[in-house]
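K.L.:
protein03.cif (mmCIF, C-alpha atoms) pasted underneath:
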data_model
loop_
_atom_site.group_PDB
_atom_site.id
_atom_site.type_symbol
_atom_site.label_atom_id
_atom_site.label_comp_id
_atom_site.auth_asym_id
_atom_site.auth_seq_id
_atom_site.Cartn_x
_atom_site.Cartn_y
_atom_site.Cartn_z
ATOM 1 C CA MET A 1 336.006 203.851 260.406
ATOM 2 C CA ILE A 2 339.628 203.205 259.358
ATOM 3 C CA LYS A 3 338.587 200.030 257.554
ATOM 4 C CA ARG A 4 335.865 201.890 255.668
ATOM 5 C CA VAL A 5 338.274 204.681 254.661
ATOM 6 C CA ALA A 6 340.891 202.137 253.540
ATOM 7 C CA HIS A 7 338.279 200.235 251.549
ATOM 8 C CA ARG A 8 337.109 203.455 249.914
ATOM 9 C CA PHE A 9 340.667 204.481 249.004
ATOM 10 C CA CYS A 10 341.423 201.039 247.546
ATOM 11 C CA TYR A 11 338.237 201.249 245.514
ATOM 12 C CA LEU A 12 339.215 204.681 244.173
ATOM 13 C CA ALA A 13 342.803 203.664 243.391
ATOM 14 C CA THR A 14 341.791 200.495 241.553
ATOM 15 C CA SER A 15 339.011 202.266 239.648
ATOM 16 C CA ILE A 16 341.294 204.803 237.935
ATOM 17 C CA PRO A 17 340.994 204.091 234.196
ATOM 18 C CA PRO A 18 344.199 203.582 232.204
ATOM 19 C CA ILE A 19 345.427 206.385 230.000
ATOM 20 C CA ARG A 20 344.382 205.857 226.407
ATOM 21 C CA PRO A 21 347.350 205.559 224.016
ATOM 22 C CA ALA A 22 345.907 208.380 221.896
ATOM 23 C CA ASN A 23 346.155 210.716 224.891
ATOM 24 C CA LEU A 24 349.830 209.883 225.352
ATOM 25 C CA LEU A 25 350.793 210.590 221.751
ATOM 26 C CA PRO A 26 351.071 214.408 222.055
ATOM 27 C CA VAL A 27 353.524 213.987 224.931
ATOM 28 C CA LEU A 28 355.503 211.368 223.004
ATOM 29 C CA VAL A 29 355.557 213.595 219.910
ATOM 30 C CA MET A 30 356.949 216.474 221.968
ATOM 31 C CA ILE A 31 359.661 214.345 223.598
ATOM 32 C CA MET A 32 360.692 212.564 220.387
ATOM 33 C CA LEU A 33 360.971 215.810 218.444
ATOM 34 C CA TRP A 34 362.959 217.412 221.248
ATOM 35 C CA VAL A 35 365.409 214.494 221.414
ATOM 36 C CA GLY A 36 365.625 214.062 217.640
ATOM 37 C CA LEU A 37 366.120 217.735 216.834
ATOM 38 C CA ARG A 38 368.689 218.201 219.575
ATOM 39 C CA TYR A 39 370.562 215.141 218.270
ATOM 40 C CA CYS A 40 370.569 216.704 214.804
ATOM 41 C CA GLY A 41 372.149 219.860 216.185
ATOM 42 C CA VAL A 42 369.072 222.088 216.227
ATOM 43 C CA SER A 43 369.275 224.778 218.895
ATOM 44 C CA GLU A 44 367.551 224.200 222.222
ATOM 45 C CA ASN A 45 365.087 227.040 221.673
ATOM 46 C CA GLN A 46 364.034 225.889 218.199
ATOM 47 C CA ALA A 47 363.732 222.238 219.229
ATOM 48 C CA PHE A 48 361.569 223.208 222.194
ATOM 49 C CA VAL A 49 359.179 225.400 220.203
ATOM 50 C CA ILE A 50 358.843 222.911 217.319
ATOM 51 C CA GLY A 51 358.186 220.020 219.701
ATOM 52 C CA CYS A 52 355.558 221.917 221.695
ATOM 53 C CA VAL A 53 353.767 223.310 218.629
ATOM 54 C CA ALA A 54 353.689 219.849 217.017
ATOM 55 C CA ALA A 55 352.159 218.413 220.200
ATOM 56 C CA GLN A 56 349.554 221.201 220.249
ATOM 57 C CA ALA A 57 348.724 220.635 216.579
ATOM 58 C CA TYR A 58 348.323 216.890 217.039
ATOM 59 C CA THR A 59 346.081 217.340 220.075
ATOM 60 C CA ILE A 60 343.798 219.718 218.177
ATOM 61 C CA TRP A 61 343.754 217.551 215.043
ATOM 62 C CA ARG A 62 342.843 214.468 217.095
ATOM 63 C CA ASN A 63 339.935 216.227 218.825
ATOM 64 C CA LEU A 64 338.457 217.887 215.733
ATOM 65 C CA PRO A 65 336.413 214.857 214.532
ATOM 66 C CA GLY A 66 334.748 214.535 217.941
ATOM 67 C CA ALA A 67 333.960 218.254 218.064
ATOM 68 C CA ALA A 68 332.516 218.115 214.549
ATOM 69 C CA ARG A 69 330.343 215.117 215.419
ATOM 70 C CA SER A 70 329.050 216.869 218.538
ATOM 71 C CA LEU A 71 328.107 219.989 216.577
ATOM 72 C CA GLN A 72 326.533 217.897 213.812
ATOM 73 C CA TYR A 73 324.449 216.150 216.456
ATOM 74 C CA VAL A 74 323.215 219.494 217.763
ATOM 75 C CA GLU A 75 322.353 220.949 214.360
ATOM 76 C CA ARG A 76 323.143 220.111 210.746
ATOM 77 C CA GLY A 77 325.750 222.435 209.260
ATOM 78 C CA LYS A 78 327.155 223.457 212.651
ATOM 79 C CA PRO A 79 330.593 221.834 212.044
ATOM 80 C CA ARG A 80 331.371 224.788 209.772
ATOM 81 C CA MET A 81 331.591 226.814 212.976
ATOM 82 C CA LEU A 82 334.932 225.075 213.590
ATOM 83 C CA ILE A 83 336.556 226.862 210.645
ATOM 84 C CA PHE A 84 337.046 230.100 212.586
ATOM 85 C CA PRO A 85 338.648 228.660 215.759
ATOM 86 C CA VAL A 86 340.787 226.256 213.710
ATOM 87 C CA SER A 87 342.024 229.161 211.582
ATOM 88 C CA ILE A 88 342.926 231.108 214.728
ATOM 89 C CA ILE A 89 344.792 228.103 216.130
ATOM 90 C CA ILE A 90 346.749 227.637 212.877
ATOM 91 C CA VAL A 91 347.716 231.313 212.869
ATOM 92 C CA PHE A 92 348.651 231.096 216.547
ATOM 93 C CA ALA A 93 350.879 228.069 215.884
ATOM 94 C CA GLY A 94 352.531 229.956 213.031
ATOM 95 C CA VAL A 95 353.164 232.923 215.330
ATOM 96 C CA GLN A 96 354.860 230.651 217.863
ATOM 97 C CA LEU A 97 357.129 229.187 215.176
ATOM 98 C CA TRP A 98 357.880 232.647 213.773
ATOM 99 C CA ILE A 99 358.722 234.154 217.170
ATOM 100 C CA GLY A 100 360.696 231.077 218.162
ATOM 101 C CA SER A 101 360.644 231.985 221.849
ATOM 102 C CA PRO A 102 360.365 229.108 224.351
ATOM 103 C CA LEU A 103 359.071 231.548 226.972
ATOM 104 C CA PHE A 104 356.225 232.620 224.684
ATOM 105 C CA THR A 105 355.340 228.983 223.969
ATOM 106 C CA GLN A 106 355.443 228.116 227.672
ATOM 107 C CA ARG A 107 353.189 231.049 228.468
ATOM 108 C CA VAL A 108 350.713 229.795 225.850
ATOM 109 C CA LEU A 109 349.994 226.897 228.214
ATOM 110 C CA THR A 110 349.471 229.316 231.099
ATOM 111 C CA PHE A 111 347.176 231.481 228.960
ATOM 112 C CA PHE A 112 344.930 228.620 227.858
ATOM 113 C CA CYS A 113 344.781 227.156 231.369
ATOM 114 C CA ALA A 114 343.955 230.595 232.793
ATOM 115 C CA PHE A 115 341.177 230.998 230.224
ATOM 116 C CA PHE A 116 339.865 227.518 231.056
ATOM 117 C CA LEU A 117 340.082 228.304 234.779
ATOM 118 C CA GLY A 118 338.095 231.499 234.235
ATOM 119 C CA VAL A 119 335.391 229.574 232.386
ATOM 120 C CA MET A 120 335.237 227.007 235.204
ATOM 121 C CA ILE A 121 334.966 229.729 237.864
ATOM 122 C CA TRP A 122 332.192 231.410 235.882
ATOM 123 C CA GLY A 123 330.434 228.055 235.702
ATOM 124 C CA ILE A 124 330.838 227.512 239.444
ATOM 125 C CA LEU A 125 329.239 230.898 240.154
ATOM 126 C CA ARG A 126 326.249 229.917 238.007
ATOM 127 C CA GLU A 127 326.287 226.251 239.003
ATOM 128 C CA ARG A 128 323.154 226.269 241.133
ATOM 129 C CA GLU A 129 321.172 228.033 238.425
ATOM 130 C CA MET A 130 322.324 225.567 235.759
ATOM 131 C CA LEU A 131 321.598 222.520 237.931
ATOM 132 C CA GLU A 132 318.100 223.812 238.653
ATOM 133 C CA ARG A 133 317.492 224.084 234.918
ATOM 134 C CA VAL A 134 318.618 220.491 234.401
ATOM 135 C CA VAL A 135 316.924 219.137 237.546
ATOM 136 C CA PRO A 136 313.856 221.199 238.526
ATOM 137 C CA LYS A 137 313.614 222.169 242.190
ATOM 138 C CA GLY A 138 310.593 219.953 242.770
ATOM 139 C CA ARG A 139 312.503 216.894 241.647
ATOM 140 C CA MET A 140 315.704 217.567 243.608
ATOM 141 C CA SER A 141 314.285 215.690 246.609
ATOM 142 C CA GLU A 142 313.417 212.722 244.379
ATOM 143 C CA GLN A 143 317.038 212.291 243.274
ATOM 144 C CA VAL A 144 318.794 209.235 244.671
ATOM 145 C CA SER A 145 321.991 211.306 244.825
ATOM 146 C CA ALA A 146 322.741 214.965 244.238
ATOM 147 C CA PRO A 147 323.856 215.995 240.744
ATOM 148 C CA VAL A 148 327.642 215.858 240.464
ATOM 149 C CA SER A 149 329.523 218.818 239.004
ATOM 150 C CA LEU A 150 333.119 218.527 237.815
ATOM 151 C CA LEU A 151 333.661 222.277 237.516
ATOM 152 C CA ARG A 152 335.642 222.535 240.753
ATOM 153 C CA ILE A 153 337.828 219.558 239.873
ATOM 154 C CA ASN A 154 338.549 221.004 236.440
ATOM 155 C CA ALA A 155 339.386 224.354 238.044
ATOM 156 C CA ILE A 156 341.793 222.723 240.513
ATOM 157 C CA VAL A 157 343.576 220.843 237.712
ATOM 158 C CA ALA A 158 343.918 224.024 235.636
ATOM 159 C CA ALA A 159 345.310 225.904 238.648
ATOM 160 C CA ILE A 160 347.838 223.120 239.296
ATOM 161 C CA VAL A 161 349.042 223.220 235.690
ATOM 162 C CA ILE A 162 349.453 227.002 235.864
ATOM 163 C CA GLY A 163 351.370 226.768 239.139
ATOM 164 C CA VAL A 164 353.715 224.017 237.956
ATOM 165 C CA ASN A 165 354.273 225.652 234.573
ATOM 166 C CA GLU A 166 355.129 229.037 236.061
ATOM 167 C CA THR A 167 357.417 227.424 238.652
ATOM 168 C CA LEU A 168 359.317 225.549 235.942
ATOM 169 C CA ILE A 169 359.573 228.720 233.861
ATOM 170 C CA ALA A 170 361.008 230.654 236.797
ATOM 171 C CA PHE A 171 363.471 228.130 238.163
ATOM 172 C CA GLU A 172 364.264 225.372 235.655
ATOM 173 C CA THR A 173 365.771 224.833 232.200
ATOM 174 C CA LEU A 174 363.917 223.797 229.053
ATOM 175 C CA ALA A 175 365.254 220.247 229.386
ATOM 176 C CA VAL A 176 363.751 219.982 232.875
ATOM 177 C CA TRP A 177 360.449 221.421 231.590
ATOM 178 C CA ILE A 178 360.301 218.827 228.807
ATOM 179 C CA SER A 179 361.041 216.063 231.324
ATOM 180 C CA ALA A 180 358.680 217.290 234.044
ATOM 181 C CA MET A 181 355.566 217.897 231.944
ATOM 182 C CA PRO A 182 355.020 214.221 230.998
ATOM 183 C CA ILE A 183 355.333 213.307 234.684
ATOM 184 C CA LEU A 184 352.810 216.029 235.554
ATOM 185 C CA PHE A 185 350.483 214.614 232.889
ATOM 186 C CA LEU A 186 350.579 211.158 234.509
ATOM 187 C CA VAL A 187 350.146 212.546 238.031
ATOM 188 C CA LEU A 188 347.223 214.738 236.973
ATOM 189 C CA HIS A 189 345.517 211.790 235.280
ATOM 190 C CA ALA A 190 345.561 209.851 238.559
ATOM 191 C CA PHE A 191 344.662 212.936 240.625
ATOM 192 C CA TYR A 192 341.772 213.915 238.342
ATOM 193 C CA TRP A 193 340.158 210.493 238.418
ATOM 194 C CA LEU A 194 340.665 210.123 242.159
ATOM 195 C CA MET A 195 338.841 213.425 242.624
ATOM 196 C CA VAL A 196 336.081 212.479 240.178
ATOM 197 C CA LEU A 197 335.507 209.069 241.731
ATOM 198 C CA SER A 198 335.586 210.535 245.243
ATOM 199 C CA VAL A 199 332.598 212.800 244.539
ATOM 200 C CA LEU A 200 330.555 209.955 243.097
ATOM 201 C CA PRO A 201 328.381 207.857 245.428
ATOM 202 C CA ALA A 202 330.247 205.028 247.159
ATOM 203 C CA PRO A 203 329.586 201.495 245.854
ATOM 204 C CA ASP A 204 327.707 200.511 249.019
ATOM 205 C CA HIS A 205 325.481 203.605 248.603
ATOM 206 C CA GLN A 206 324.741 202.662 244.996
ATOM 207 C CA SER A 207 323.916 199.081 245.949
ATOM 208 C CA ARG A 208 321.496 200.253 248.659
ATOM 209 C CA ALA A 209 319.834 202.581 246.167
#
Can the structure in the file be given as structure tokens, please?

P.N.:
Amino acid sequence: MIKRVAHRFCYLATSIPPIRPANLLPVLVMIMLWVGLRYCGVSENQAFVIGCVAAQAYTIWRNLPGAARSLQYVERGKPRMLIFPVSIIIVFAGVQLWIGSPLFTQRVLTFFCAFFLGVMIWGILREREMLERVVPKGRMSEQVSAPVSLLRINAIVAAIVIGVNETLIAFETLAVWISAMPILFLVLHAFYWLMVLSVLPAPDHQSRA
């Protein structure tokens, strides 16, 4: 029993994929701008907001081509649907820079994670219905393994981010927030993939199938 658990844990730990450099860039952009602007004498509040907004903008810009390709695959002309959300995001970034409040920018993260968490919870409530549409009831017994849903894992990650963010807002300085968030990013990467791999069939189960 212990040997099997240890083997399973080793398999999970060694199967965690490395973080892609492109996924690290937003964090690096935020840190470099924070350090550079503070070195140049920019106030703590301004440096924080500029660094965070730049990281947000880069993340969105990097993901736009993939979103456009996905919509194009679904239906020709669909990428034009991105104009509206992109416009909202640009306006929202401008509002953050105009307000210049670190608290407002920090709460942006909480807001988006709360929205994402709500979507995940809604999906969990309708999970059985959606799975039955994808895999008809008659074929459920024919499946080698049950369909795997990541909704709960995504919801847990979003809740963790909200909890950590609000804790840092309440008890720590902006410098600590800037330092802690990259560490949280690395920890969540490992945690997310451990959770994902743990709900997948074990290697011995796959080999028997």

K.L.:
Please provide as a count of residues only all residues within 9 Å of A:Ala13, with the sequence filter that same-chain residues fewer than 2 positions apart are discarded (counting all atoms listed in the file).

P.N.:
9

K.L.:
Of the candidates A:Val199, A:Ala180, A:Val119, A:Leu174, which shows the shortest atom-to-atom distance to A:Glu44, using all atoms listed in the file?

P.N.:
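The answer is A:Leu174, which sits nearest to A:Glu44.
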
K.L.:
So what does the PyMOL selection byres ((chain A and resi 94) around 12) actually pick up in this one, as a JSON list (two decimals) with C-alpha atoms, in the frame of the given file?

P.N.:
[["chain", "number", "residue", "atom", "x", "y", "z"],
["A", 49, "VAL", "CA", 359.18, 225.40, 220.20],
["A", 50, "ILE", "CA", 358.84, 222.91, 217.32],
["A", 53, "VAL", "CA", 353.77, 223.31, 218.63],
["A", 54, "ALA", "CA", 353.69, 219.85, 217.02],
["A", 56, "GLN", "CA", 349.55, 221.20, 220.25],
["A", 57, "ALA", "CA", 348.72, 220.64, 216.58],
["A", 87, "SER", "CA", 342.02, 229.16, 211.58],
["A", 88, "ILE", "CA", 342.93, 231.11, 214.73],
["A", 89, "ILE", "CA", 344.79, 228.10, 216.13],
["A", 90, "ILE", "CA", 346.75, 227.64, 212.88],
["A", 91, "VAL", "CA", 347.72, 231.31, 212.87],
["A", 92, "PHE", "CA", 348.65, 231.10, 216.55],
["A", 93, "ALA", "CA", 350.88, 228.07, 215.88],
["A", 95, "VAL", "CA", 353.16, 232.92, 215.33],
["A", 96, "GLN", "CA", 354.86, 230.65, 217.86],
["A", 97, "LEU", "CA", 357.13, 229.19, 215.18],
["A", 98, "TRP", "CA", 357.88, 232.65, 213.77],
["A", 99, "ILE", "CA", 358.72, 234.15, 217.17],
["A", 100, "GLY", "CA", 360.70, 231.08, 218.16],
["A", 105, "THR", "CA", 355.34, 228.98, 223.97]]

K.L.:
When you draw a straight line from atom CA of A:Cys113 to atom CA of A:Ile31, how long is it in Å?

P.N.:
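So the answer is 21.1 Å.
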
K.L.:
Measure the distance from atom CA of A:Asn23 to atom CA of A:Glu127 in Å and round it to one decimal.

P.N.:
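Value for the atom CA of A:Asn23-atom CA of A:Glu127 distance: 28.9 Å.
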
K.L.:
By how many Å are atom CA of A:Ile156 and atom CA of A:Gln106 apart?

P.N.:
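These two atoms are separated by 19.5 Å.
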
K.L.:
Tell me which protein, DNA and RNA residues are within 9 Å of A:Ala155, counting only C-alpha atoms, leaving out same-chain ones fewer than 5 positions away, and put them as a list in words.

P.N.:
Phe116, Leu117, Gly118, Val119, Met120, Ile121, Leu150 and Ile160 of chain A

K.L.:
Using all atoms listed in the file, find the one residue out of A:Met195, A:Ile162, A:Leu151, A:Leu103 that sits nearest to A:Gly123.

P.N.:
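Looking only at the distances to A:Gly123, the closest residue turns out to be A:Leu151.
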
K.L.:
Given only C-alpha atoms as the basis, pick out the residue of A:Ala114, A:Cys40, A:Leu28, A:Val35 nearest to A:Ala159.

P.N.:
A:Ala114

K.L.:
So, with all atoms listed in the file as the atoms that count, which of A:Trp34, A:Phe48, A:Tyr39, A:Phe185 lies closest to A:Phe104?

P.N.:
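Ranked by minimum distance to A:Phe104, first place goes to A:Phe48.
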
K.L.:
Restricting the calculation to all atoms listed in the file: of A:Val187, A:Gly163, A:Tyr192, A:Leu12, which residue gets closest to A:Arg107?

P.N.:
A:Gly163

K.L.:
Mind giving me the axis-aligned box for stretch 34-38 of chain A with 4 Å on every side, centre plus edges in Å to one decimal, as lines of an AutoDock Vina configuration file?

P.N.:
center_x = 365.8
center_y = 216.1
center_z = 219.1
size_x = 13.7
size_y = 12.1
size_z = 12.6

K.L.:
Just checking: using all atoms listed in the file, which residue out of A:Thr14, A:Asn165, A:Asn154, A:Thr110 ends up closest to A:Val196?

P.N.:
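Of all the options, A:Asn154 lies closest to A:Val196.
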
K.L.:
Counting only C-alpha atoms, what is within 12 Å of A:Leu25, bar same-chain residues fewer than 3 positions away, as a list in words?

P.N.:
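What passes the distance filter is Ile19, Arg20, Pro21, Ala22, Leu28, Val29, Met30, Ile31, Met32, Leu33, Ala54, Ala55, Gln56, Ala57, Tyr58, Thr59, Trp61, Arg62, Pro182 and Phe185 of chain A.
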
K.L.:
Just stretch 22-53 of chain A, please, as a PDB file, in the first residue's frame (only N, CA and C atoms).

P.N.:
ATOM      1  N   ALA A  22       7.053  31.608 -22.031  1.00  0.00           N
ATOM      2  CA  ALA A  22       6.049  32.631 -22.366  1.00  0.00           C
ATOM      3  C   ALA A  22       5.098  32.885 -21.201  1.00  0.00           C
ATOM      4  N   ASN A  23       4.860  31.853 -20.385  1.00  0.00           N
ATOM      5  CA  ASN A  23       3.968  32.027 -19.236  1.00  0.00           C
ATOM      6  C   ASN A  23       4.635  32.770 -18.086  1.00  0.00           C
ATOM      7  N   LEU A  24       5.960  32.779 -18.077  1.00  0.00           N
ATOM      8  CA  LEU A  24       6.692  33.488 -17.031  1.00  0.00           C
ATOM      9  C   LEU A  24       6.865  34.969 -17.339  1.00  0.00           C
ATOM     10  N   LEU A  25       6.761  35.325 -18.617  1.00  0.00           N
ATOM     11  CA  LEU A  25       7.048  36.701 -19.016  1.00  0.00           C
ATOM     12  C   LEU A  25       6.176  37.749 -18.321  1.00  0.00           C
ATOM     13  N   PRO A  26       4.861  37.543 -18.181  1.00  0.00           N
ATOM     14  CA  PRO A  26       4.063  38.564 -17.479  1.00  0.00           C
ATOM     15  C   PRO A  26       4.572  38.849 -16.069  1.00  0.00           C
ATOM     16  N   VAL A  27       4.971  37.791 -15.361  1.00  0.00           N
ATOM     17  CA  VAL A  27       5.498  37.970 -14.006  1.00  0.00           C
ATOM     18  C   VAL A  27       6.815  38.737 -14.045  1.00  0.00           C
ATOM     19  N   LEU A  28       7.678  38.379 -15.009  1.00  0.00           N
ATOM     20  CA  LEU A  28       8.965  39.067 -15.132  1.00  0.00           C
ATOM     21  C   LEU A  28       8.771  40.528 -15.512  1.00  0.00           C
ATOM     22  N   VAL A  29       7.807  40.789 -16.405  1.00  0.00           N
ATOM     23  CA  VAL A  29       7.510  42.175 -16.793  1.00  0.00           C
ATOM     24  C   VAL A  29       7.092  42.985 -15.571  1.00  0.00           C
ATOM     25  N   MET A  30       6.219  42.413 -14.756  1.00  0.00           N
ATOM     26  CA  MET A  30       5.739  43.112 -13.561  1.00  0.00           C
ATOM     27  C   MET A  30       6.888  43.422 -12.601  1.00  0.00           C
ATOM     28  N   ILE A  31       7.737  42.423 -12.348  1.00  0.00           N
ATOM     29  CA  ILE A  31       8.845  42.617 -11.405  1.00  0.00           C
ATOM     30  C   ILE A  31       9.858  43.620 -11.943  1.00  0.00           C
ATOM     31  N   MET A  32      10.214  43.497 -13.231  1.00  0.00           N
ATOM     32  CA  MET A  32      11.226  44.389 -13.801  1.00  0.00           C
ATOM     33  C   MET A  32      10.745  45.835 -13.824  1.00  0.00           C
ATOM     34  N   LEU A  33       9.478  46.037 -14.160  1.00  0.00           N
ATOM     35  CA  LEU A  33       8.946  47.401 -14.150  1.00  0.00           C
ATOM     36  C   LEU A  33       8.906  47.960 -12.731  1.00  0.00           C
ATOM     37  N   TRP A  34       8.505  47.144 -11.790  1.00  0.00           N
ATOM     38  CA  TRP A  34       8.475  47.581 -10.391  1.00  0.00           C
ATOM     39  C   TRP A  34       9.869  48.021  -9.931  1.00  0.00           C
ATOM     40  N   VAL A  35      10.862  47.167 -10.175  1.00  0.00           N
ATOM     41  CA  VAL A  35      12.232  47.474  -9.739  1.00  0.00           C
ATOM     42  C   VAL A  35      12.774  48.685 -10.488  1.00  0.00           C
ATOM     43  N   GLY A  36      12.579  48.694 -11.823  1.00  0.00           N
ATOM     44  CA  GLY A  36      13.108  49.792 -12.626  1.00  0.00           C
ATOM     45  C   GLY A  36      12.481  51.137 -12.297  1.00  0.00           C
ATOM     46  N   LEU A  37      11.172  51.159 -12.156  1.00  0.00           N
ATOM     47  CA  LEU A  37      10.483  52.419 -11.855  1.00  0.00           C
ATOM     48  C   LEU A  37      10.809  52.919 -10.453  1.00  0.00           C
ATOM     49  N   ARG A  38      10.911  52.002  -9.504  1.00  0.00           N
ATOM     50  CA  ARG A  38      11.276  52.419  -8.152  1.00  0.00           C
ATOM     51  C   ARG A  38      12.701  52.971  -8.127  1.00  0.00           C
ATOM     52  N   TYR A  39      13.586  52.361  -8.920  1.00  0.00           N
ATOM     53  CA  TYR A  39      14.975  52.838  -8.996  1.00  0.00           C
ATOM     54  C   TYR A  39      15.031  54.236  -9.594  1.00  0.00           C
ATOM     55  N   CYS A  40      14.109  54.506 -10.525  1.00  0.00           N
ATOM     56  CA  CYS A  40      14.074  55.826 -11.168  1.00  0.00           C
ATOM     57  C   CYS A  40      13.352  56.872 -10.321  1.00  0.00           C
ATOM     58  N   GLY A  41      12.887  56.491  -9.161  1.00  0.00           N
ATOM     59  CA  GLY A  41      12.257  57.442  -8.261  1.00  0.00           C
ATOM     60  C   GLY A  41      10.755  57.564  -8.390  1.00  0.00           C
ATOM     61  N   VAL A  42      10.142  56.691  -9.186  1.00  0.00           N
ATOM     62  CA  VAL A  42       8.683  56.706  -9.320  1.00  0.00           C
ATOM     63  C   VAL A  42       8.074  56.238  -8.002  1.00  0.00           C
ATOM     64  N   SER A  43       6.957  56.819  -7.632  1.00  0.00           N
ATOM     65  CA  SER A  43       6.323  56.458  -6.360  1.00  0.00           C
ATOM     66  C   SER A  43       5.909  54.985  -6.350  1.00  0.00           C
ATOM     67  N   GLU A  44       5.809  54.445  -5.151  1.00  0.00           N
ATOM     68  CA  GLU A  44       5.457  53.035  -4.981  1.00  0.00           C
ATOM     69  C   GLU A  44       4.110  52.711  -5.614  1.00  0.00           C
ATOM     70  N   ASN A  45       3.136  53.574  -5.415  1.00  0.00           N
ATOM     71  CA  ASN A  45       1.797  53.338  -5.956  1.00  0.00           C
ATOM     72  C   ASN A  45       1.803  53.306  -7.479  1.00  0.00           C
ATOM     73  N   GLN A  46       2.465  54.296  -8.098  1.00  0.00           N
ATOM     74  CA  GLN A  46       2.505  54.361  -9.556  1.00  0.00           C
ATOM     75  C   GLN A  46       3.265  53.179 -10.142  1.00  0.00           C
ATOM     76  N   ALA A  47       4.403  52.836  -9.544  1.00  0.00           N
ATOM     77  CA  ALA A  47       5.198  51.716 -10.040  1.00  0.00           C
ATOM     78  C   ALA A  47       4.405  50.413  -9.964  1.00  0.00           C
ATOM     79  N   PHE A  48       3.651  50.249  -8.899  1.00  0.00           N
ATOM     80  CA  PHE A  48       2.860  49.031  -8.722  1.00  0.00           C
ATOM     81  C   PHE A  48       1.783  48.931  -9.797  1.00  0.00           C
ATOM     82  N   VAL A  49       1.026  49.999  -9.983  1.00  0.00           N
ATOM     83  CA  VAL A  49      -0.077  49.978 -10.951  1.00  0.00           C
ATOM     84  C   VAL A  49       0.453  49.778 -12.366  1.00  0.00           C
ATOM     85  N   ILE A  50       1.511  50.507 -12.740  1.00  0.00           N
ATOM     86  CA  ILE A  50       2.067  50.383 -14.092  1.00  0.00           C
ATOM     87  C   ILE A  50       2.576  48.962 -14.337  1.00  0.00           C
ATOM     88  N   GLY A  51       3.281  48.402 -13.363  1.00  0.00           N
ATOM     89  CA  GLY A  51       3.795  47.044 -13.519  1.00  0.00           C
ATOM     90  C   GLY A  51       2.689  46.018 -13.683  1.00  0.00           C
ATOM     91  N   CYS A  52       1.649  46.124 -12.866  1.00  0.00           N
ATOM     92  CA  CYS A  52       0.540  45.164 -12.931  1.00  0.00           C
ATOM     93  C   CYS A  52      -0.255  45.300 -14.228  1.00  0.00           C
ATOM     94  N   VAL A  53      -0.527  46.535 -14.642  1.00  0.00           N
ATOM     95  CA  VAL A  53      -1.290  46.752 -15.877  1.00  0.00           C
ATOM     96  C   VAL A  53      -0.492  46.265 -17.084  1.00  0.00           C
TER      97      VAL A  53
END
